[in-house]
>>> print(open('final_25.pdb').read())   # PDB, C-alpha atoms
ATOM      1  CA  MET V   1      12.665  17.839  27.501
ATOM      2  CA  ASP V   2      16.206  18.353  26.218
ATOM      3  CA  PRO V   3      16.769  21.064  23.555
ATOM      4  CA  ILE V   4      17.646  18.586  20.761
ATOM      5  CA  THR V   5      14.453  16.562  21.184
ATOM      6  CA  LYS V   6      12.356  19.710  21.447
ATOM      7  CA  ALA V   7      13.871  21.155  18.261
ATOM      8  CA  LEU V   8      13.325  17.910  16.370
ATOM      9  CA  LEU V   9       9.699  17.520  17.439
ATOM     10  CA  PHE V  10       8.874  20.942  16.031
ATOM     11  CA  SER V  11      10.892  20.608  12.826
ATOM     12  CA  TRP V  12       7.984  20.141  10.414
ATOM     13  CA  ASP V  13       8.750  20.939   6.772
ATOM     14  CA  VAL V  14       5.690  22.540   5.139
ATOM     15  CA  ARG V  15       6.204  21.696   1.458
ATOM     16  CA  TYR V  16       3.208  22.879  -0.521
ATOM     17  CA  GLU V  17       4.170  20.815  -3.580
ATOM     18  CA  ILE V  18       3.431  17.748  -1.412
ATOM     19  CA  LEU V  19       0.758  19.070   0.930
ATOM     20  CA  LEU V  20      -1.559  20.571  -1.703
ATOM     21  CA  PRO V  21      -1.827  17.499  -3.995
ATOM     22  CA  LEU V  22      -2.444  15.208  -1.011
ATOM     23  CA  THR V  23      -5.109  17.586   0.337
ATOM     24  CA  LEU V  24      -6.758  17.627  -3.099
ATOM     25  CA  LEU V  25      -6.742  13.824  -3.263
ATOM     26  CA  GLY V  26      -8.348  13.638   0.172
ATOM     27  CA  ALA V  27     -11.045  16.154  -0.831
ATOM     28  CA  LEU V  28     -11.809  14.268  -4.068
ATOM     29  CA  GLN V  29     -12.100  10.999  -2.189
ATOM     30  CA  PHE V  30     -14.501  12.510   0.337
ATOM     31  CA  ILE V  31     -16.671  14.111  -2.369
ATOM     32  CA  GLY V  32     -16.853  10.868  -4.343
ATOM     33  CA  TRP V  33     -17.577   8.866  -1.198
ATOM     34  CA  ARG V  34     -20.408  11.219  -0.259
ATOM     35  CA  ARG V  35     -21.958  11.101  -3.732
ATOM     36  CA  LEU V  36     -21.895   7.318  -3.758
ATOM     37  CA  ARG V  37     -23.612   7.210  -0.374
ATOM     38  CA  GLN V  38     -26.286   9.596  -1.621
ATOM     39  CA  ARG V  39     -26.905   7.212  -4.505
ATOM     40  CA  GLY V  40     -27.424   4.333  -2.081
ATOM     41  CA  ALA V  41     -24.019   2.665  -2.601
ATOM     42  CA  GLY V  42     -23.285   2.578   1.126
ATOM     43  CA  ARG V  43     -22.003  -0.995   0.922
ATOM     44  CA  PHE V  44     -19.062   0.194  -1.161
ATOM     45  CA  ALA V  45     -18.761   3.753   0.183
ATOM     46  CA  ASN V  46     -18.733   2.802   3.843
ATOM     47  CA  GLY V  47     -17.039   4.518   6.738
ATOM     48  CA  TRP V  48     -14.044   2.232   7.120
ATOM     49  CA  ARG V  49     -12.988   2.722   3.487
ATOM     50  CA  LEU V  50     -12.931   6.501   3.833
ATOM     51  CA  ALA V  51     -11.115   6.183   7.162
ATOM     52  CA  ALA V  52      -8.487   3.903   5.559
ATOM     53  CA  TYR V  53      -7.845   6.380   2.758
ATOM     54  CA  LEU V  54      -7.595   9.451   4.984
ATOM     55  CA  THR V  55      -5.384   7.558   7.443
ATOM     56  CA  GLY V  56      -3.105   6.582   4.570
ATOM     57  CA  LEU V  57      -2.812  10.214   3.443
ATOM     58  CA  ALA V  58      -2.146  11.362   7.003
ATOM     59  CA  LEU V  59       0.646   8.789   7.402
ATOM     60  CA  LEU V  60       2.107   9.846   4.056
ATOM     61  CA  ILE V  61       2.236  13.451   5.253
ATOM     62  CA  LEU V  62       3.776  12.233   8.504
ATOM     63  CA  ALA V  63       6.470  10.307   6.614
ATOM     64  CA  LEU V  64       7.403  13.157   4.263
ATOM     65  CA  LEU V  65       6.874  16.374   6.203
ATOM     66  CA  SER V  66       7.229  15.543   9.892
ATOM     67  CA  PRO V  67      10.369  15.215  12.051
ATOM     68  CA  ILE V  68      10.625  11.635  10.727
ATOM     69  CA  ASP V  69      12.026  13.052   7.483
ATOM     70  CA  VAL V  70      14.395  15.388   9.323
ATOM     71  CA  LEU V  71      15.618  12.607  11.604
ATOM     72  CA  SER V  72      16.141  10.258   8.643
ATOM     73  CA  GLY V  73      19.051  12.486   7.692
ATOM     74  CA  GLN V  74      20.581  12.028  11.137
ATOM     75  CA  LEU V  75      19.649   8.459  12.072
ATOM     76  CA  PHE V  76      19.534   5.520   9.688
ATOM     77  CA  PHE V  77      16.890   3.679  11.700
ATOM     78  CA  MET V  78      14.556   6.664  11.292
ATOM     79  CA  HIS V  79      15.060   6.392   7.539
ATOM     80  CA  MET V  80      13.988   2.756   7.848
ATOM     81  CA  ILE V  81      10.825   3.753   9.744
ATOM     82  CA  GLN V  82      10.084   6.249   6.979
ATOM     83  CA  HIS V  83      10.679   3.479   4.453
ATOM     84  CA  LEU V  84       8.168   1.201   6.226
ATOM     85  CA  LEU V  85       5.520   3.920   6.115
ATOM     86  CA  LEU V  86       6.079   4.696   2.431
ATOM     87  CA  VAL V  87       6.143   1.160   1.059
ATOM     88  CA  MET V  88       4.412  -1.177   3.524
ATOM     89  CA  ILE V  89       1.713   0.756   5.382
ATOM     90  CA  VAL V  90       0.439   3.707   3.328
ATOM     91  CA  PRO V  91      -0.099   1.926  -0.056
ATOM     92  CA  PRO V  92      -2.313  -0.926   1.244
ATOM     93  CA  LEU V  93      -4.369   1.553   3.278
ATOM     94  CA  LEU V  94      -4.984   3.664   0.173
ATOM     95  CA  TRP V  95      -5.905   0.671  -2.009
ATOM     96  CA  LEU V  96      -8.251  -0.793   0.620
ATOM     97  CA  ALA V  97     -10.442   2.276   0.149
ATOM     98  CA  GLY V  98     -11.124   1.416  -3.504
ATOM     99  CA  PRO V  99      -9.961   4.921  -4.480
ATOM    100  CA  PHE V 100     -10.311   4.635  -8.247
ATOM    101  CA  ALA V 101     -14.096   4.299  -8.441
ATOM    102  CA  THR V 102     -14.707   6.665  -5.530
ATOM    103  CA  GLY V 103     -12.399   9.313  -6.977
ATOM    104  CA  LEU V 104     -14.145   9.107 -10.353
ATOM    105  CA  TRP V 105     -17.479   9.971  -8.743
ATOM    106  CA  ALA V 106     -15.983  13.212  -7.425
ATOM    107  CA  LEU V 107     -15.409  14.450 -10.987
ATOM    108  CA  PRO V 108     -17.886  16.202 -13.299
ATOM    109  CA  ARG V 109     -19.862  13.734 -15.397
ATOM    110  CA  PRO V 110     -18.164  14.480 -18.773
ATOM    111  CA  LEU V 111     -14.700  14.075 -17.268
ATOM    112  CA  ARG V 112     -15.784  10.955 -15.384
ATOM    113  CA  LEU V 113     -17.048   9.359 -18.608
ATOM    114  CA  GLN V 114     -13.902  10.359 -20.487
ATOM    115  CA  ILE V 115     -11.555   8.819 -17.917
ATOM    116  CA  GLY V 116     -13.779   5.755 -17.620
ATOM    117  CA  GLY V 117     -13.479   5.339 -21.390
ATOM    118  CA  TRP V 118      -9.709   5.029 -21.087
ATOM    119  CA  PHE V 119     -10.259   1.786 -19.167
ATOM    120  CA  GLN V 120     -12.698   0.157 -21.602
ATOM    121  CA  HIS V 121     -11.589  -3.266 -22.848
ATOM    122  CA  GLU V 122     -10.535  -2.128 -26.318
ATOM    123  CA  SER V 123      -8.876   1.163 -25.393
ATOM    124  CA  GLY V 124      -5.208   1.695 -26.221
ATOM    125  CA  PHE V 125      -4.553   3.242 -22.796
ATOM    126  CA  ARG V 126      -5.817   0.106 -21.042
ATOM    127  CA  ARG V 127      -3.691  -2.169 -23.234
ATOM    128  CA  VAL V 128      -0.535  -0.133 -22.584
ATOM    129  CA  LEU V 129      -1.233   0.048 -18.846
ATOM    130  CA  ARG V 130      -1.899  -3.687 -18.668
ATOM    131  CA  LEU V 131       1.335  -4.404 -20.519
ATOM    132  CA  THR V 132       3.492  -2.116 -18.353
ATOM    133  CA  THR V 133       2.035  -3.290 -15.039
ATOM    134  CA  GLN V 134       2.312  -7.041 -15.451
ATOM    135  CA  PRO V 135       2.726  -8.800 -12.069
ATOM    136  CA  GLY V 136       6.246 -10.047 -12.731
ATOM    137  CA  LEU V 137       7.410  -6.608 -13.851
ATOM    138  CA  SER V 138       5.768  -4.868 -10.874
ATOM    139  CA  TRP V 139       7.429  -7.342  -8.493
ATOM    140  CA  LEU V 140      10.855  -6.837 -10.076
ATOM    141  CA  LEU V 141      10.489  -3.048  -9.982
ATOM    142  CA  TYR V 142       9.500  -3.161  -6.316
ATOM    143  CA  VAL V 143      12.438  -5.336  -5.273
ATOM    144  CA  GLY V 144      14.831  -3.569  -7.655
ATOM    145  CA  VAL V 145      14.038  -0.140  -6.207
ATOM    146  CA  LEU V 146      14.387  -1.555  -2.679
ATOM    147  CA  TYR V 147      17.880  -2.888  -3.387
ATOM    148  CA  GLY V 148      18.923  -0.054  -5.691
ATOM    149  CA  TRP V 149      18.396   2.738  -3.171
ATOM    150  CA  HIS V 150      20.060   0.713  -0.404
ATOM    151  CA  ASP V 151      23.281   0.605  -2.374
ATOM    152  CA  SER V 152      25.729   2.679  -0.337
ATOM    153  CA  THR V 153      26.639   5.017  -3.221
ATOM    154  CA  ALA V 154      23.028   5.638  -4.270
ATOM    155  CA  TYR V 155      21.991   6.152  -0.650
ATOM    156  CA  SER V 156      24.684   8.735   0.041
ATOM    157  CA  LEU V 157      23.863  10.519  -3.219
ATOM    158  CA  ALA V 158      20.162  10.744  -2.279
ATOM    159  CA  GLN V 159      20.901  12.065   1.197
ATOM    160  CA  GLY V 160      23.182  14.756  -0.155
ATOM    161  CA  ASN V 161      20.877  16.096  -2.876
ATOM    162  CA  GLY V 162      17.321  17.381  -2.429
ATOM    163  CA  TRP V 163      15.804  16.404  -5.795
ATOM    164  CA  ILE V 164      17.464  12.959  -5.776
ATOM    165  CA  HIS V 165      16.083  12.452  -2.277
ATOM    166  CA  ASP V 166      12.618  13.299  -3.597
ATOM    167  CA  LEU V 167      13.153  10.900  -6.510
ATOM    168  CA  GLU V 168      14.033   8.174  -4.001
ATOM    169  CA  HIS V 169      10.782   8.736  -2.106
ATOM    170  CA  LEU V 170       8.756   8.898  -5.313
ATOM    171  CA  SER V 171      10.207   5.644  -6.664
ATOM    172  CA  PHE V 172       9.715   3.880  -3.330
ATOM    173  CA  PHE V 173       6.089   4.976  -3.133
ATOM    174  CA  GLY V 174       5.265   4.515  -6.831
ATOM    175  CA  THR V 175       6.552   0.952  -7.062
ATOM    176  CA  ALA V 176       4.909   0.132  -3.723
ATOM    177  CA  MET V 177       1.553   1.329  -5.061
ATOM    178  CA  LEU V 178       1.972  -0.969  -8.087
ATOM    179  CA  PHE V 179       2.931  -3.900  -5.855
ATOM    180  CA  TRP V 180       0.099  -3.501  -3.323
ATOM    181  CA  TRP V 181      -2.463  -2.878  -6.074
ATOM    182  CA  ARG V 182      -1.994  -6.533  -7.019
ATOM    183  CA  VAL V 183      -1.976  -7.777  -3.422
ATOM    184  CA  VAL V 184      -5.109  -5.911  -2.301
ATOM    185  CA  GLY V 185      -6.946  -6.664  -5.551
ATOM    186  CA  ALA V 186      -8.419  -3.173  -5.840
ATOM    187  CA  GLY V 187      -9.912  -1.734  -9.033
ATOM    188  CA  PRO V 188      -9.416  -1.034 -11.835
ATOM    189  CA  HIS V 189      -9.110  -4.764 -12.596
ATOM    190  CA  ILE V 190      -7.294  -4.383 -15.903
ATOM    191  CA  HIS V 191      -5.481  -7.718 -15.449
ATOM    192  CA  GLY V 192      -8.605  -9.605 -14.454
ATOM    193  CA  LYS V 193      -9.322 -10.534 -10.876
ATOM    194  CA  ASN V 194      -6.397 -12.538  -9.513
ATOM    195  CA  SER V 195      -7.063 -15.561  -7.352
ATOM    196  CA  LEU V 196      -6.347 -15.376  -3.646
ATOM    197  CA  LEU V 197      -3.718 -18.114  -4.000
ATOM    198  CA  SER V 198      -1.779 -16.122  -6.606
ATOM    199  CA  ARG V 199      -1.924 -13.002  -4.432
ATOM    200  CA  ILE V 200      -0.669 -14.967  -1.414
ATOM    201  CA  GLY V 201       2.300 -16.267  -3.417
ATOM    202  CA  TYR V 202       2.935 -12.808  -4.835
ATOM    203  CA  VAL V 203       3.241 -11.097  -1.456
ATOM    204  CA  LEU V 204       5.200 -13.933   0.200
ATOM    205  CA  ALA V 205       7.746 -13.873  -2.639
ATOM    206  CA  VAL V 206       8.982 -10.505  -1.332
ATOM    207  CA  VAL V 207       9.811 -11.860   2.127
ATOM    208  CA  PRO V 208      13.145 -13.586   1.232
ATOM    209  CA  PRO V 209      14.757 -10.590  -0.547
ATOM    210  CA  ASN V 210      13.512  -8.210   2.147
ATOM    211  CA  MET V 211      14.866 -10.447   4.928
ATOM    212  CA  LEU V 212      18.214 -10.945   3.195
ATOM    213  CA  LEU V 213      18.751  -7.202   2.862
ATOM    214  CA  GLY V 214      17.723  -6.609   6.484
ATOM    215  CA  VAL V 215      20.029  -9.365   7.742
ATOM    216  CA  ALA V 216      22.953  -8.041   5.674
ATOM    217  CA  ILE V 217      22.502  -4.550   7.136
ATOM    218  CA  ALA V 218      21.937  -5.726  10.716
ATOM    219  CA  LEU V 219      24.923  -8.101  10.836
ATOM    220  CA  ALA V 220      27.451  -5.935   8.976
ATOM    221  CA  GLU V 221      30.599  -5.462  11.044
ATOM    222  CA  SER V 222      31.399  -2.020   9.645
ATOM    223  CA  PRO V 223      29.313   0.987   8.589
ATOM    224  CA  ILE V 224      27.791   0.506   5.122
ATOM    225  CA  TYR V 225      26.394   4.010   4.714
ATOM    226  CA  THR V 226      29.324   6.374   5.163
ATOM    227  CA  TYR V 227      27.001   9.365   4.894
ATOM    228  CA  TYR V 228      26.160   8.914   8.589
ATOM    229  CA  LEU V 229      29.822   9.142   9.559
ATOM    230  CA  GLY V 230      29.733  12.844   8.726
ATOM    231  CA  VAL V 231      26.588  13.905  10.600
ATOM    232  CA  PRO V 232      26.272  14.726  14.324
ATOM    233  CA  ARG V 233      25.383  11.640  16.360
ATOM    234  CA  LEU V 234      22.225  12.030  18.427
ATOM    235  CA  TYR V 235      21.647  10.543  21.876
ATOM    236  CA  GLY V 236      25.077   8.893  21.915
ATOM    237  CA  LEU V 237      24.028   6.272  19.331
ATOM    238  CA  SER V 238      26.994   5.069  17.299
ATOM    239  CA  VAL V 239      26.845   4.679  13.521
ATOM    240  CA  LEU V 240      27.147   0.895  13.781
ATOM    241  CA  ASP V 241      24.453   0.547  16.446
ATOM    242  CA  ASP V 242      22.172   2.805  14.412
ATOM    243  CA  GLN V 243      22.790   0.606  11.370
ATOM    244  CA  ARG V 244      22.019  -2.587  13.341
ATOM    245  CA  ILE V 245      18.715  -1.184  14.573
ATOM    246  CA  ALA V 246      17.784  -0.178  11.021
ATOM    247  CA  GLY V 247      18.597  -3.650   9.698
ATOM    248  CA  LEU V 248      16.520  -5.280  12.430
ATOM    249  CA  ILE V 249      13.575  -3.023  11.571
ATOM    250  CA  MET V 250      13.721  -4.098   7.923
ATOM    251  CA  TRP V 251      14.384  -7.732   8.821
ATOM    252  CA  ILE V 252      11.665  -8.376  11.425
ATOM    253  CA  PRO V 253       8.825  -5.793  11.399
ATOM    254  CA  GLY V 254       9.338  -5.230   7.662
ATOM    255  CA  SER V 255       9.063  -8.920   6.783
ATOM    256  CA  MET V 256       6.148  -9.356   9.169
ATOM    257  CA  MET V 257       4.134  -6.806   7.187
ATOM    258  CA  TYR V 258       4.172  -9.092   4.148
ATOM    259  CA  ILE V 259       3.458 -12.173   6.242
ATOM    260  CA  ALA V 260       0.537 -10.391   7.930
ATOM    261  CA  ALA V 261      -0.889  -9.491   4.505
ATOM    262  CA  ALA V 262      -0.558 -13.130   3.428
ATOM    263  CA  LEU V 263      -2.338 -14.296   6.596
ATOM    264  CA  VAL V 264      -5.236 -11.939   5.883
ATOM    265  CA  LEU V 265      -5.502 -13.356   2.355
ATOM    266  CA  ILE V 266      -5.321 -16.924   3.699
ATOM    267  CA  ALA V 267      -8.158 -16.138   6.115
ATOM    268  CA  ARG V 268     -10.200 -14.793   3.190
ATOM    269  CA  LEU V 269      -9.431 -17.981   1.274
ATOM    270  CA  PHE V 270     -10.882 -20.115   4.067
ATOM    271  CA  VAL V 271     -13.933 -17.864   4.390
ATOM    272  CA  SER V 272     -14.551 -18.124   0.641
ATOM    273  CA  ALA V 273     -14.221 -21.912   0.804
ATOM    274  CA  ASP V 274     -16.713 -22.086   3.689
ATOM    275  CA  ARG V 275     -19.175 -19.958   1.762
ATOM    276  CA  ARG V 276     -18.877 -22.193  -1.293
ATOM    277  CA  ASP V 277     -19.486 -25.259   0.892
ATOM    278  CA  ASP V 278     -22.555 -23.649   2.454
ATOM    279  CA  LEU V 279     -23.974 -22.763  -0.961
ATOM    280  CA  ALA V 280     -23.321 -26.278  -2.249
ATOM    281  CA  LYS V 281     -25.119 -27.777   0.758
ATOM    282  CA  GLN V 282     -28.066 -25.447   0.244
ATOM    283  CA  ARG V 283     -28.352 -26.448  -3.414
ATOM    284  CA  GLU V 284     -28.022 -30.117  -2.497
ATOM    285  CA  GLY V 285     -30.737 -29.757   0.129
ATOM    286  CA  LYS V 286     -33.087 -28.102  -2.334
ATOM    287  CA  GLY V 287     -32.417 -30.806  -4.905
ATOM    288  CA  ARG V 288     -33.287 -33.598  -2.468
ATOM    289  CA  ARG V 289     -36.446 -31.956  -1.200
ATOM    290  CA  THR V 290     -39.492 -33.854  -2.531
ATOM    291  CA  PRO V 291     -42.849 -32.178  -3.018
ATOM    292  CA  HIS V 292     -45.742 -33.109  -0.775
ATOM    293  CA  PRO V 293     -48.148 -35.555  -2.411
ATOM    294  CA  PRO V 294     -51.365 -33.928  -3.607
ATOM    295  CA  ARG V 295     -54.291 -34.220  -1.302
ATOM    296  CA  LEU V 296     -57.122 -36.384  -2.574
ATOM    297  CA  ALA V 297     -60.541 -34.883  -2.566
ATOM    298  CA  THR V 298     -62.959 -36.750  -0.307
ATOM    299  CA  ASN V 299     -66.716 -36.582  -0.067
ATOM    300  CA  GLU V 300     -68.032 -36.619   3.429
TER     301      GLU V 300
END
>>> encode(input="final_25.pdb", output="structure tokens")
Amino acid sequence: MDPITKALLFSWDVRYEILLPLTLLGALQFIGWRRLRQRGAGRFANGWRLAAYLTGLALLILALLSPIDVLSGQLFFMHMIQHLLLVMIVPPLLWLAGPFATGLWALPRPLRLQIGGWFQHESGFRRVLRLTTQPGLSWLLYVGVLYGWHDSTAYSLAQGNGWIHDLEHLSFFGTAMLFWWRVVGAGPHIHGKNSLLSRIGYVLAVVPPNMLLGVAIALAESPIYTYYLGVPRLYGLSVLDDQRIAGLIMWIPGSMMYIAAALVLIARLFVSADRRDDLAKQREGKGRRTPHPPRLATNE
């Protein structure tokens, strides 16, 4: 193994301000999951949900503290891989676990009841949260943050300043959590339960802007992000080739993530339709069933 690769593979950044909160979230999720199972709610607190949540946290740590983060400052395509983890893979994994209800059960009963009260139908907190997380606004924030941080000036500013770089990651992840909350349909359902058709349209509406940005980056004939002109080039990869690879990653695998989510929702739509048909047939069969005629008593 060459010295550069070896140094990069061991360049983990142990940041306790990130590691400790994520560890706490994982512990709370496990405690709540275990309590729900002890109460017989195994259908909701099943193994795959806990595995999804812990996998999401592990990938978040990988994106922020591993050599991926170090390499993102040297190679643009590694930044794009980090971007995929933060906005397209980790958030849906976390929401699939149903973390809100499970996390509540990890808390002491008084605190659990207090937080649960914030989400009652008439609470001011619920009304404000519902207003500020409307689907159209969440979609615009998600796409706006995507385009905003890929502006060449904003990108160079984030790479050259530690707290702005952290703000970039936080805004990417925060808006992605809002976006995928709607797509996955996880609780709390403060907007009502959205239909599968609306969720399919919602996730597919991101594909065109994501593809356009990826195509623009991949087909650019000159370097867009001048920050990479001033850093050492690794493995003989030119700035322009690095940029093309990054654009292709956003264009193809990035867009496929949204399409894959839509396909899963479409499959669920067909399954739901089949179930409704089966129930209708069962009701129809019961309605047509005629009772047996009463037996007449006979004297022998």
>>> closest_residue(input="final_25.pdb", among="V:Tyr53, V:Trp118, V:Trp95, V:Asp241", to="Leu178 in chain V", atoms="all atoms listed in the file")
V:Trp95
>>> closest_residue(input="final_25.pdb", among="V:Met80, V:Ala186, V:Leu137, V:Ile200", to="Ala246 in chain V", atoms="only C-alpha atoms")
V:Met80
>>> atom_distance(input="final_25.pdb", atom1="CA of Phe30 in chain V", atom2="CA of Thr133 in chain V")
27.6 Å
>>> closest_atom_pairs(input="final_25.pdb", of="range 157-232 of chain V", to="range 58-65 of chain V", cutoff="10 Å", atoms="only C-alpha atoms", output="tab-separated table")
residue	atom	partner	partner_atom	distance
V:Asp166	CA	V:Leu64	CA	9.4
V:His169	CA	V:Leu64	CA	8.5
V:Phe173	CA	V:Leu60	CA	9.6
>>> write_last_selection(input="final_25.pdb", atoms="C-alpha atoms", output="PDB file, keeping the file's coordinate frame")
ATOM      1  CA  ASP V 166      12.618  13.299  -3.597  1.00  0.00           C
ATOM      2  CA  HIS V 169      10.782   8.736  -2.106  1.00  0.00           C
ATOM      3  CA  PHE V 173       6.089   4.976  -3.133  1.00  0.00           C
TER       4      PHE V 173
END
>>> residues_around(input="final_25.pdb", residues="Trp180 in chain V", least_positions_apart="6", cutoff="10 Å", atoms="only C-alpha atoms", output="list of chain:residue names")
V:Val87, V:Met88, V:Ile89, V:Val90, V:Pro91, V:Pro92, V:Leu93, V:Leu94, V:Trp95, V:Leu96, V:Ser138, V:Trp139, V:Tyr142, V:Ala186, V:Arg199, V:Tyr202, V:Val203, V:Ala261
>>> closest_residue(input="final_25.pdb", among="V:Leu196, V:Ile245, V:Leu219, V:Ile81", to="Ala267 in chain V", atoms="all atoms listed in the file")
V:Leu196
>>> resolve_selection(input="final_25.pdb", expression="the PyMOL selection byres ((chain V and resi 107) around 12)", output="ChimeraX atom specification")
/V:25,27-33,35,100-106,108-116
>>> write_last_selection(input="final_25.pdb", atoms="C-alpha atoms", output="PDB file, keeping the file's coordinate frame")
ATOM      1  CA  LEU V  25      -6.742  13.824  -3.263  1.00  0.00           C
ATOM      2  CA  ALA V  27     -11.045  16.154  -0.831  1.00  0.00           C
ATOM      3  CA  LEU V  28     -11.809  14.268  -4.068  1.00  0.00           C
ATOM      4  CA  GLN V  29     -12.100  10.999  -2.189  1.00  0.00           C
ATOM      5  CA  PHE V  30     -14.501  12.510   0.337  1.00  0.00           C
ATOM      6  CA  ILE V  31     -16.671  14.111  -2.369  1.00  0.00           C
ATOM      7  CA  GLY V  32     -16.853  10.868  -4.343  1.00  0.00           C
ATOM      8  CA  TRP V  33     -17.577   8.866  -1.198  1.00  0.00           C
ATOM      9  CA  ARG V  35     -21.958  11.101  -3.732  1.00  0.00           C
ATOM     10  CA  PHE V 100     -10.311   4.635  -8.247  1.00  0.00           C
ATOM     11  CA  ALA V 101     -14.096   4.299  -8.441  1.00  0.00           C
ATOM     12  CA  THR V 102     -14.707   6.665  -5.530  1.00  0.00           C
ATOM     13  CA  GLY V 103     -12.399   9.313  -6.977  1.00  0.00           C
ATOM     14  CA  LEU V 104     -14.145   9.107 -10.353  1.00  0.00           C
ATOM     15  CA  TRP V 105     -17.479   9.971  -8.743  1.00  0.00           C
ATOM     16  CA  ALA V 106     -15.983  13.212  -7.425  1.00  0.00           C
ATOM     17  CA  PRO V 108     -17.886  16.202 -13.299  1.00  0.00           C
ATOM     18  CA  ARG V 109     -19.862  13.734 -15.397  1.00  0.00           C
ATOM     19  CA  PRO V 110     -18.164  14.480 -18.773  1.00  0.00           C
ATOM     20  CA  LEU V 111     -14.700  14.075 -17.268  1.00  0.00           C
ATOM     21  CA  ARG V 112     -15.784  10.955 -15.384  1.00  0.00           C
ATOM     22  CA  LEU V 113     -17.048   9.359 -18.608  1.00  0.00           C
ATOM     23  CA  GLN V 114     -13.902  10.359 -20.487  1.00  0.00           C
ATOM     24  CA  ILE V 115     -11.555   8.819 -17.917  1.00  0.00           C
ATOM     25  CA  GLY V 116     -13.779   5.755 -17.620  1.00  0.00           C
TER      26      GLY V 116
END
>>> closest_residue(input="final_25.pdb", among="V:Phe179, V:Gly40, V:Ile266, V:Val14", to="Ser195 in chain V", atoms="all atoms listed in the file")
V:Ile266
>>> resolve_selection(input="final_25.pdb", expression="the PyMOL selection byres ((chain V and resi 194) around 12)", output="list in words")
Gln134, Pro135, Trp181, Arg182, Val183, Val184, Gly185, Ala186, Gly187, His189, Ile190, His191, Gly192, Lys193, Ser195, Leu196, Leu197, Ser198, Arg199, Ile200, Gly201, Tyr202 and Leu265 of chain V
>>> resolve_selection(input="final_25.pdb", expression="the PyMOL selection byres ((chain V and resi 255) around 9)", output="list of chain:residue names")
V:Val206, V:Val207, V:Pro208, V:Asn210, V:Met211, V:Gly214, V:Ile249, V:Met250, V:Trp251, V:Ile252, V:Pro253, V:Gly254, V:Met256, V:Met257, V:Tyr258, V:Ile259, V:Ala260
>>> write_last_selection(input="final_25.pdb", atoms="C-alpha atoms", output="CSV table (one decimal), in the frame of the given file")
chain,number,residue,atom,x,y,z
V,206,VAL,CA,9.0,-10.5,-1.3
V,207,VAL,CA,9.8,-11.9,2.1
V,208,PRO,CA,13.1,-13.6,1.2
V,210,ASN,CA,13.5,-8.2,2.1
V,211,MET,CA,14.9,-10.4,4.9
V,214,GLY,CA,17.7,-6.6,6.5
V,249,ILE,CA,13.6,-3.0,11.6
V,250,MET,CA,13.7,-4.1,7.9
V,251,TRP,CA,14.4,-7.7,8.8
V,252,ILE,CA,11.7,-8.4,11.4
V,253,PRO,CA,8.8,-5.8,11.4
V,254,GLY,CA,9.3,-5.2,7.7
V,256,MET,CA,6.1,-9.4,9.2
V,257,MET,CA,4.1,-6.8,7.2
V,258,TYR,CA,4.2,-9.1,4.1
V,259,ILE,CA,3.5,-12.2,6.2
V,260,ALA,CA,0.5,-10.4,7.9
>>> atom_distance(input="final_25.pdb", atom1="CA of Thr226 in chain V", atom2="CA of Val239 in chain V")
8.9 Å
>>> atom_distance(input="final_25.pdb", atom1="CA of Thr175 in chain V", atom2="CA of Phe76 in chain V")
21.7 Å
>>> axis_aligned_box(input="final_25.pdb", around="range 184-194 of chain V", padding_each_side="4 Å", output="lines of an AutoDock Vina configuration file")
center_x = -7.5
center_y = -6.8
center_z = -9.1
size_x = 12.8
size_y = 19.5
size_z = 21.6
>>> closest_residue(input="final_25.pdb", among="V:Phe44, V:Trp12, V:Phe125, V:Tyr227", to="Ser156 in chain V", atoms="all atoms listed in the file")
V:Tyr227
